[in-house]
file start.cif (mmCIF, C-alpha atoms)
data_structure
loop_
_atom_site.group_PDB
_atom_site.id
_atom_site.type_symbol
_atom_site.label_atom_id
_atom_site.label_comp_id
_atom_site.auth_asym_id
_atom_site.auth_seq_id
_atom_site.Cartn_x
_atom_site.Cartn_y
_atom_site.Cartn_z
ATOM 1 C CA MET A 1 99.016 131.066 74.550
ATOM 2 C CA THR A 2 99.848 132.444 71.107
ATOM 3 C CA MET A 3 103.304 131.757 69.726
ATOM 4 C CA GLY A 4 105.285 131.420 66.546
ATOM 5 C CA PRO A 5 107.833 128.751 65.763
ATOM 6 C CA LEU A 6 110.762 131.157 66.263
ATOM 7 C CA LEU A 7 111.042 134.561 67.827
ATOM 8 C CA PHE A 8 113.642 135.681 65.303
ATOM 9 C CA PRO A 9 114.883 134.292 62.018
ATOM 10 C CA ASP A 10 118.138 132.331 62.162
ATOM 11 C CA THR A 11 120.011 135.384 60.859
ATOM 12 C CA CYS A 12 119.012 137.514 63.854
ATOM 13 C CA GLN A 13 119.864 135.547 66.989
ATOM 14 C CA THR A 14 121.231 138.615 68.814
ATOM 15 C CA CYS A 15 118.103 140.774 68.405
ATOM 16 C CA THR A 16 116.334 142.267 71.383
ATOM 17 C CA VAL A 17 112.607 141.989 71.964
ATOM 18 C CA PHE A 18 110.485 143.948 74.441
ATOM 19 C CA ALA A 19 108.327 142.042 76.920
ATOM 20 C CA CYS A 20 105.450 144.008 78.420
ATOM 21 C CA SER A 21 104.165 142.140 81.471
ATOM 22 C CA PHE A 22 100.784 143.191 82.794
ATOM 23 C CA MET A 23 100.119 141.462 86.110
ATOM 24 C CA PHE A 24 96.810 141.972 87.838
ATOM 25 C CA ILE A 25 94.481 140.762 90.555
ATOM 26 C CA PRO A 26 91.061 140.446 88.923
ATOM 27 C CA GLY A 27 88.068 142.151 90.407
ATOM 28 C CA ASN A 28 84.739 142.493 88.597
ATOM 29 C CA LEU A 29 85.508 141.320 85.060
ATOM 30 C CA ASP A 30 82.225 142.213 83.385
ATOM 31 C CA ASP A 31 81.092 142.182 79.745
ATOM 32 C CA GLU A 32 82.526 145.679 79.208
ATOM 33 C CA PHE A 33 85.921 144.428 80.381
ATOM 34 C CA PHE A 34 85.942 141.416 78.063
ATOM 35 C CA ALA A 35 84.873 143.511 75.063
ATOM 36 C CA LEU A 36 87.564 146.121 75.733
ATOM 37 C CA ASP A 37 90.190 143.448 76.411
ATOM 38 C CA SER A 38 89.391 141.798 73.073
ATOM 39 C CA VAL A 39 89.716 145.094 71.163
ATOM 40 C CA ILE A 40 93.079 145.810 72.833
ATOM 41 C CA ASP A 41 94.349 142.275 72.183
ATOM 42 C CA ASP A 42 93.311 142.435 68.507
ATOM 43 C CA TYR A 43 95.043 145.795 68.131
ATOM 44 C CA ALA A 44 98.286 144.483 69.656
ATOM 45 C CA LYS A 45 98.235 141.513 67.263
ATOM 46 C CA SER A 46 97.688 143.846 64.295
ATOM 47 C CA LEU A 47 100.872 145.845 64.925
ATOM 48 C CA GLU A 48 103.794 145.161 62.611
ATOM 49 C CA GLY A 49 106.146 144.822 65.589
ATOM 50 C CA PHE A 50 103.960 142.281 67.422
ATOM 51 C CA VAL A 51 105.777 139.006 68.173
ATOM 52 C CA GLY A 52 103.427 137.103 70.459
ATOM 53 C CA VAL A 53 101.636 136.926 73.781
ATOM 54 C CA ASP A 54 101.822 134.602 76.778
ATOM 55 C CA ARG A 55 99.145 134.408 79.469
ATOM 56 C CA TRP A 56 99.680 132.888 82.914
ATOM 57 C CA TRP A 57 97.648 132.478 86.094
ATOM 58 C CA SER A 58 99.248 132.196 89.507
ATOM 59 C CA ASP A 59 99.008 128.724 91.059
ATOM 60 C CA ASP A 60 96.155 129.849 93.292
ATOM 61 C CA LYS A 61 94.361 131.625 90.381
ATOM 62 C CA THR A 62 94.318 134.941 92.250
ATOM 63 C CA ALA A 63 96.599 136.829 89.832
ATOM 64 C CA LYS A 64 97.089 136.818 86.074
ATOM 65 C CA ASN A 65 100.089 137.822 83.957
ATOM 66 C CA VAL A 66 99.665 138.777 80.312
ATOM 67 C CA VAL A 67 102.976 139.308 78.497
ATOM 68 C CA TYR A 68 102.986 140.975 75.087
ATOM 69 C CA PHE A 69 106.212 140.737 73.062
ATOM 70 C CA PHE A 70 107.173 143.437 70.551
ATOM 71 C CA THR A 71 110.215 143.921 68.322
ATOM 72 C CA ASP A 72 110.921 147.539 69.277
ATOM 73 C CA ARG A 73 110.174 150.332 71.734
ATOM 74 C CA GLU A 74 108.267 152.315 69.096
ATOM 75 C CA THR A 75 105.714 149.507 68.811
ATOM 76 C CA VAL A 76 105.433 149.366 72.621
ATOM 77 C CA ASN A 77 104.706 153.109 72.635
ATOM 78 C CA THR A 78 102.177 152.767 69.799
ATOM 79 C CA PHE A 79 100.396 150.036 71.761
ATOM 80 C CA ALA A 80 100.434 152.149 74.949
ATOM 81 C CA ARG A 81 98.857 155.121 73.116
ATOM 82 C CA PHE A 82 96.029 153.121 71.492
ATOM 83 C CA PRO A 83 92.859 155.016 72.565
ATOM 84 C CA GLU A 84 91.058 151.944 73.930
ATOM 85 C CA HIS A 85 94.195 150.966 75.851
ATOM 86 C CA VAL A 86 94.401 154.484 77.313
ATOM 87 C CA ARG A 87 90.729 154.218 78.303
ATOM 88 C CA ALA A 88 91.313 150.850 80.001
ATOM 89 C CA LYS A 89 94.232 152.288 81.975
ATOM 90 C CA LYS A 90 92.099 155.204 83.163
ATOM 91 C CA GLU A 91 89.219 152.935 84.204
ATOM 92 C CA TYR A 92 91.269 150.032 85.624
ATOM 93 C CA ALA A 93 89.760 150.267 89.128
ATOM 94 C CA LYS A 94 86.425 149.026 87.717
ATOM 95 C CA TRP A 95 87.988 145.644 86.922
ATOM 96 C CA TYR A 96 91.165 145.122 88.988
ATOM 97 C CA GLU A 97 91.942 144.850 92.674
ATOM 98 C CA GLY A 98 95.539 145.813 91.820
ATOM 99 C CA TYR A 99 98.059 145.699 89.000
ATOM 100 C CA GLN A 100 101.711 146.077 88.045
ATOM 101 C CA VAL A 101 103.376 146.596 84.657
ATOM 102 C CA ILE A 102 106.968 145.623 83.894
ATOM 103 C CA ILE A 103 108.515 146.403 80.513
ATOM 104 C CA SER A 104 111.756 144.543 79.885
ATOM 105 C CA GLU A 105 114.275 144.151 77.093
ATOM 106 C CA VAL A 106 114.818 140.450 76.447
ATOM 107 C CA SER A 107 118.081 139.609 74.731
ATOM 108 C CA ALA A 108 117.875 135.817 74.879
ATOM 109 C CA THR A 109 115.765 132.892 76.007
ATOM 110 C CA TYR A 110 116.635 129.230 76.246
ATOM 111 C CA GLY A 111 115.271 125.875 77.285
ATOM 112 C CA ASP A 112 115.138 122.249 76.286
ATOM 113 C CA GLY A 113 112.412 122.825 73.683
ATOM 114 C CA LYS A 114 109.843 120.732 75.564
ATOM 115 C CA MET A 115 107.919 123.708 76.953
ATOM 116 C CA PRO A 116 105.913 125.802 74.505
ATOM 117 C CA GLY A 117 106.697 129.501 74.457
ATOM 118 C CA LEU A 118 108.339 132.319 72.611
ATOM 119 C CA THR A 119 112.033 131.554 72.262
ATOM 120 C CA LEU A 120 115.003 132.898 70.380
ATOM 121 C CA SER A 121 116.007 129.425 69.329
ATOM 122 C CA GLN A 122 114.139 126.154 69.075
ATOM 123 C CA SER A 123 117.327 124.266 69.839
ATOM 124 C CA GLY A 124 117.896 125.934 73.222
ATOM 125 C CA ASP A 125 121.359 127.139 72.155
ATOM 126 C CA SER A 126 120.696 130.884 72.539
#

call {"tool": "encode", "arguments": {"input": "start.cif", "output": "structure tokens"}}
result
Amino acid sequence: MTMGPLLFPDTCQTCTVFACSFMFIPGNLDDEFFALDSVIDDYAKSLEGFVGVDRWWSDDKTAKNVVYFFTDRETVNTFARFPEHVRAKKEYAKWYEGYQVIISEVSATYGDGKMPGLTLSQSGDS
């Protein structure tokens, strides 16, 4: 999991962030997949509006969720149009048994601070 100490500076507690959840059931994840996945991940991290990424496996390890966080819809659209990302979407059946994408606007997160993750406030007050 990649994360920063704060999602937003203290002066911007009411900001919205976009969470792009890509959930999938892996199929044949070959060398081509891992190379393409790495290029796409590096590109996402290079974008000015990139905030972070969380990766989760289901308890039974049959499904994975990769959540990219971006500061604005324009960055989400830039990421979606990246040529290697477009290629991966066209060729998804080579690597996945199934998938679902959910793009959400996140206006706040909270917790007790004991679980690592991307949060609006370290103190859990948001």

call {"tool": "atom_distance", "arguments": {"input": "start.cif", "atom1": "CA of Asp30 in chain A", "atom2": "CA of Asp60 in chain A"}}
result
21.1 Å

call {"tool": "residues_around", "arguments": {"input": "start.cif", "residues": "range 94-96 of chain A", "least_positions_apart": "3", "cutoff": "7 Å", "atoms": "only C-alpha atoms", "output": "ChimeraX atom specification"}}
result
/A:24-29,33,91,99

call {"tool": "write_last_selection", "arguments": {"input": "start.cif", "atoms": "C-alpha atoms", "output": "PDB file, in the frame of the given file"}}
result
ATOM      1  CA  PHE A  24      96.810 141.972  87.838  1.00  0.00           C
ATOM      2  CA  ILE A  25      94.481 140.762  90.555  1.00  0.00           C
ATOM      3  CA  PRO A  26      91.061 140.446  88.923  1.00  0.00           C
ATOM      4  CA  GLY A  27      88.068 142.151  90.407  1.00  0.00           C
ATOM      5  CA  ASN A  28      84.739 142.493  88.597  1.00  0.00           C
ATOM      6  CA  LEU A  29      85.508 141.320  85.060  1.00  0.00           C
ATOM      7  CA  PHE A  33      85.921 144.428  80.381  1.00  0.00           C
ATOM      8  CA  GLU A  91      89.219 152.935  84.204  1.00  0.00           C
ATOM      9  CA  TYR A  99      98.059 145.699  89.000  1.00  0.00           C
TER      10      TYR A  99
END

call {"tool": "axis_aligned_box", "arguments": {"input": "start.cif", "around": "range 91-96 of chain A", "padding_each_side": "3 Å", "output": "JSON"}}
result
{"center_x": 88.8, "center_y": 149.0, "center_z": 86.7, "size_x": 10.8, "size_y": 13.8, "size_z": 10.9}

call {"tool": "residues_around", "arguments": {"input": "start.cif", "residues": "Arg87 in chain A", "least_positions_apart": "4", "cutoff": "12 Å", "atoms": "only C-alpha atoms", "output": "ChimeraX atom specification"}}
result
/A:32-33,36-37,39-40,80-83,91-94

call {"tool": "write_last_selection", "arguments": {"input": "start.cif", "atoms": "C-alpha atoms", "output": "tab-separated table (two decimals), keeping the file's coordinate frame"}}
result
chain	number	residue	atom	x	y	z
A	32	GLU	CA	82.53	145.68	79.21
A	33	PHE	CA	85.92	144.43	80.38
A	36	LEU	CA	87.56	146.12	75.73
A	37	ASP	CA	90.19	143.45	76.41
A	39	VAL	CA	89.72	145.09	71.16
A	40	ILE	CA	93.08	145.81	72.83
A	80	ALA	CA	100.43	152.15	74.95
A	81	ARG	CA	98.86	155.12	73.12
A	82	PHE	CA	96.03	153.12	71.49
A	83	PRO	CA	92.86	155.02	72.56
A	91	GLU	CA	89.22	152.94	84.20
A	92	TYR	CA	91.27	150.03	85.62
A	93	ALA	CA	89.76	150.27	89.13
A	94	LYS	CA	86.42	149.03	87.72

call {"tool": "atom_distance", "arguments": {"input": "start.cif", "atom1": "CA of Ile102 in chain A", "atom2": "CA of Thr62 in chain A"}}
result
18.5 Å

call {"tool": "atom_distance", "arguments": {"input": "start.cif", "atom1": "CA of Val101 in chain A", "atom2": "CA of Cys20 in chain A"}}
result
7.1 Å

call {"tool": "resolve_selection", "arguments": {"input": "start.cif", "expression": "the PyMOL selection byres ((chain A and resi 16) around 8)", "output": "list of chain:residue names"}}
result
A:Thr14, A:Cys15, A:Val17, A:Phe18, A:Thr71, A:Asp72, A:Glu105, A:Val106, A:Ser107, A:Ala108

call {"tool": "resolve_selection", "arguments": {"input": "start.cif", "expression": "the PyMOL selection byres ((chain A and resi 22) around 6)", "output": "JSON, numbers by chain"}}
result
{"A": [21, 23, 65, 66, 101]}

call {"tool": "closest_residue", "arguments": {"input": "start.cif", "among": "A:Ala19, A:Lys89, A:Ala35, A:Tyr110", "to": "Phe69 in chain A", "atoms": "only C-alpha atoms"}}
result
A:Ala19

call {"tool": "resolve_selection", "arguments": {"input": "start.cif", "expression": "the PyMOL selection byres ((chain A and resi 78) around 12)", "output": "CSV table (one decimal) with C-alpha atoms, in the coordinates of the input"}}
result
chain,number,residue,atom,x,y,z
A,40,ILE,CA,93.1,145.8,72.8
A,43,TYR,CA,95.0,145.8,68.1
A,44,ALA,CA,98.3,144.5,69.7
A,46,SER,CA,97.7,143.8,64.3
A,47,LEU,CA,100.9,145.8,64.9
A,48,GLU,CA,103.8,145.2,62.6
A,49,GLY,CA,106.1,144.8,65.6
A,50,PHE,CA,104.0,142.3,67.4
A,70,PHE,CA,107.2,143.4,70.6
A,72,ASP,CA,110.9,147.5,69.3
A,73,ARG,CA,110.2,150.3,71.7
A,74,GLU,CA,108.3,152.3,69.1
A,75,THR,CA,105.7,149.5,68.8
A,76,VAL,CA,105.4,149.4,72.6
A,77,ASN,CA,104.7,153.1,72.6
A,79,PHE,CA,100.4,150.0,71.8
A,80,ALA,CA,100.4,152.1,74.9
A,81,ARG,CA,98.9,155.1,73.1
A,82,PHE,CA,96.0,153.1,71.5
A,83,PRO,CA,92.9,155.0,72.6
A,84,GLU,CA,91.1,151.9,73.9
A,85,HIS,CA,94.2,151.0,75.9
A,86,VAL,CA,94.4,154.5,77.3

call {"tool": "closest_residue", "arguments": {"input": "start.cif", "among": "A:Ile103, A:Ala88, A:Val67, A:Met115", "to": "Val53 in chain A", "atoms": "only C-alpha atoms"}}
result
A:Val67

call {"tool": "decode", "arguments": {"input": "start.cif", "residues": "range 67-117 of chain A", "atoms": "N, CA and C atoms", "output": "short mmCIF file (atom, residue, chain, number, x, y, z; two decimals), in the first residue's frame"}}
result
data_model
loop_
_atom_site.label_atom_id
_atom_site.label_comp_id
_atom_site.auth_asym_id
_atom_site.auth_seq_id
_atom_site.Cartn_x
_atom_site.Cartn_y
_atom_site.Cartn_z
N VAL A 67 -7.34 0.55 -5.66
CA VAL A 67 -8.04 1.84 -5.59
C VAL A 67 -7.02 2.96 -5.77
N TYR A 68 -7.15 3.68 -6.88
CA TYR A 68 -6.32 4.86 -7.12
C TYR A 68 -7.10 6.08 -6.66
N PHE A 69 -6.41 7.01 -5.98
CA PHE A 69 -7.02 8.24 -5.50
C PHE A 69 -6.41 9.43 -6.26
N PHE A 70 -7.31 10.29 -6.78
CA PHE A 70 -6.88 11.47 -7.53
C PHE A 70 -7.61 12.70 -7.00
N THR A 71 -7.00 13.86 -7.18
CA THR A 71 -7.57 15.10 -6.64
C THR A 71 -8.74 15.64 -7.45
N ASP A 72 -8.85 15.26 -8.73
CA ASP A 72 -9.89 15.86 -9.56
C ASP A 72 -10.28 14.93 -10.71
N ARG A 73 -11.44 15.21 -11.28
CA ARG A 73 -11.98 14.39 -12.37
C ARG A 73 -11.09 14.48 -13.61
N GLU A 74 -10.49 15.62 -13.86
CA GLU A 74 -9.62 15.77 -15.02
C GLU A 74 -8.45 14.77 -14.96
N THR A 75 -7.88 14.60 -13.78
CA THR A 75 -6.79 13.63 -13.64
C THR A 75 -7.30 12.21 -13.85
N VAL A 76 -8.50 11.91 -13.35
CA VAL A 76 -9.11 10.59 -13.59
C VAL A 76 -9.24 10.36 -15.09
N ASN A 77 -9.72 11.35 -15.82
CA ASN A 77 -9.89 11.22 -17.27
C ASN A 77 -8.56 11.08 -17.99
N THR A 78 -7.54 11.81 -17.53
CA THR A 78 -6.21 11.70 -18.11
C THR A 78 -5.68 10.28 -17.93
N PHE A 79 -5.84 9.74 -16.73
CA PHE A 79 -5.42 8.38 -16.43
C PHE A 79 -6.17 7.38 -17.32
N ALA A 80 -7.47 7.56 -17.47
CA ALA A 80 -8.29 6.64 -18.27
C ALA A 80 -7.89 6.65 -19.74
N ARG A 81 -7.39 7.78 -20.24
CA ARG A 81 -7.02 7.91 -21.66
C ARG A 81 -5.57 7.53 -21.94
N PHE A 82 -4.78 7.22 -20.93
CA PHE A 82 -3.39 6.83 -21.13
C PHE A 82 -3.36 5.63 -22.09
N PRO A 83 -2.59 5.71 -23.19
CA PRO A 83 -2.64 4.66 -24.22
C PRO A 83 -2.45 3.23 -23.70
N GLU A 84 -1.54 3.03 -22.77
CA GLU A 84 -1.33 1.67 -22.25
C GLU A 84 -2.52 1.22 -21.40
N HIS A 85 -3.17 2.18 -20.74
CA HIS A 85 -4.37 1.86 -19.96
C HIS A 85 -5.50 1.47 -20.91
N VAL A 86 -5.64 2.22 -21.99
CA VAL A 86 -6.66 1.91 -23.01
C VAL A 86 -6.41 0.51 -23.57
N ARG A 87 -5.16 0.21 -23.87
CA ARG A 87 -4.81 -1.12 -24.38
C ARG A 87 -5.19 -2.21 -23.38
N ALA A 88 -4.88 -2.00 -22.11
CA ALA A 88 -5.20 -3.00 -21.08
C ALA A 88 -6.70 -3.22 -21.00
N LYS A 89 -7.48 -2.14 -21.11
CA LYS A 89 -8.94 -2.28 -21.06
C LYS A 89 -9.46 -3.09 -22.25
N LYS A 90 -8.87 -2.88 -23.41
CA LYS A 90 -9.30 -3.62 -24.60
C LYS A 90 -8.94 -5.10 -24.52
N GLU A 91 -7.83 -5.41 -23.86
CA GLU A 91 -7.33 -6.78 -23.83
C GLU A 91 -7.58 -7.48 -22.49
N TYR A 92 -8.47 -6.94 -21.66
CA TYR A 92 -8.66 -7.44 -20.30
C TYR A 92 -8.96 -8.93 -20.22
N ALA A 93 -9.66 -9.47 -21.20
CA ALA A 93 -10.08 -10.88 -21.14
C ALA A 93 -8.90 -11.84 -21.14
N LYS A 94 -7.71 -11.37 -21.56
CA LYS A 94 -6.51 -12.21 -21.52
C LYS A 94 -6.07 -12.48 -20.08
N TRP A 95 -6.43 -11.58 -19.16
CA TRP A 95 -5.88 -11.65 -17.80
C TRP A 95 -6.92 -11.80 -16.70
N TYR A 96 -8.18 -11.43 -16.96
CA TYR A 96 -9.19 -11.41 -15.90
C TYR A 96 -10.35 -12.34 -16.21
N GLU A 97 -10.86 -12.96 -15.17
CA GLU A 97 -12.08 -13.76 -15.27
C GLU A 97 -13.31 -12.83 -15.24
N GLY A 98 -13.15 -11.68 -14.63
CA GLY A 98 -14.22 -10.67 -14.55
C GLY A 98 -13.69 -9.44 -13.83
N TYR A 99 -14.39 -8.32 -14.04
CA TYR A 99 -13.96 -7.09 -13.37
C TYR A 99 -15.13 -6.13 -13.18
N GLN A 100 -14.91 -5.15 -12.32
CA GLN A 100 -15.87 -4.06 -12.10
C GLN A 100 -15.07 -2.82 -11.71
N VAL A 101 -15.49 -1.67 -12.21
CA VAL A 101 -14.87 -0.39 -11.87
C VAL A 101 -15.92 0.48 -11.20
N ILE A 102 -15.54 1.11 -10.09
CA ILE A 102 -16.42 2.07 -9.42
C ILE A 102 -15.60 3.33 -9.18
N ILE A 103 -16.09 4.45 -9.69
CA ILE A 103 -15.44 5.74 -9.47
C ILE A 103 -16.33 6.54 -8.55
N SER A 104 -15.77 6.95 -7.43
CA SER A 104 -16.54 7.63 -6.38
C SER A 104 -15.89 8.94 -5.99
N GLU A 105 -16.71 9.89 -5.56
CA GLU A 105 -16.21 11.11 -4.95
C GLU A 105 -16.20 10.90 -3.44
N VAL A 106 -15.04 11.04 -2.84
CA VAL A 106 -14.89 10.85 -1.40
C VAL A 106 -14.76 12.23 -0.77
N SER A 107 -15.67 12.53 0.15
CA SER A 107 -15.62 13.85 0.78
C SER A 107 -15.02 13.81 2.18
N ALA A 108 -14.91 12.63 2.77
CA ALA A 108 -14.31 12.53 4.09
C ALA A 108 -13.98 11.07 4.39
N THR A 109 -12.99 10.88 5.23
CA THR A 109 -12.68 9.57 5.79
C THR A 109 -12.38 9.78 7.27
N TYR A 110 -12.53 8.74 8.05
CA TYR A 110 -12.19 8.86 9.47
C TYR A 110 -11.83 7.51 10.04
N GLY A 111 -11.23 7.51 11.18
CA GLY A 111 -10.85 6.30 11.88
C GLY A 111 -10.11 6.66 13.14
N ASP A 112 -9.58 5.66 13.81
CA ASP A 112 -8.88 5.91 15.06
C ASP A 112 -7.38 6.15 14.86
N GLY A 113 -6.92 6.11 13.59
CA GLY A 113 -5.52 6.36 13.31
C GLY A 113 -4.63 5.15 13.46
N LYS A 114 -5.18 4.01 13.85
CA LYS A 114 -4.38 2.81 14.07
C LYS A 114 -4.28 1.93 12.83
N MET A 115 -5.07 2.25 11.81
CA MET A 115 -5.03 1.48 10.57
C MET A 115 -4.43 2.35 9.47
N PRO A 116 -3.37 1.87 8.84
CA PRO A 116 -2.77 2.68 7.77
C PRO A 116 -3.73 2.86 6.60
N GLY A 117 -3.68 4.00 5.97
CA GLY A 117 -4.50 4.26 4.80
C GLY A 117 -4.52 5.73 4.48
#
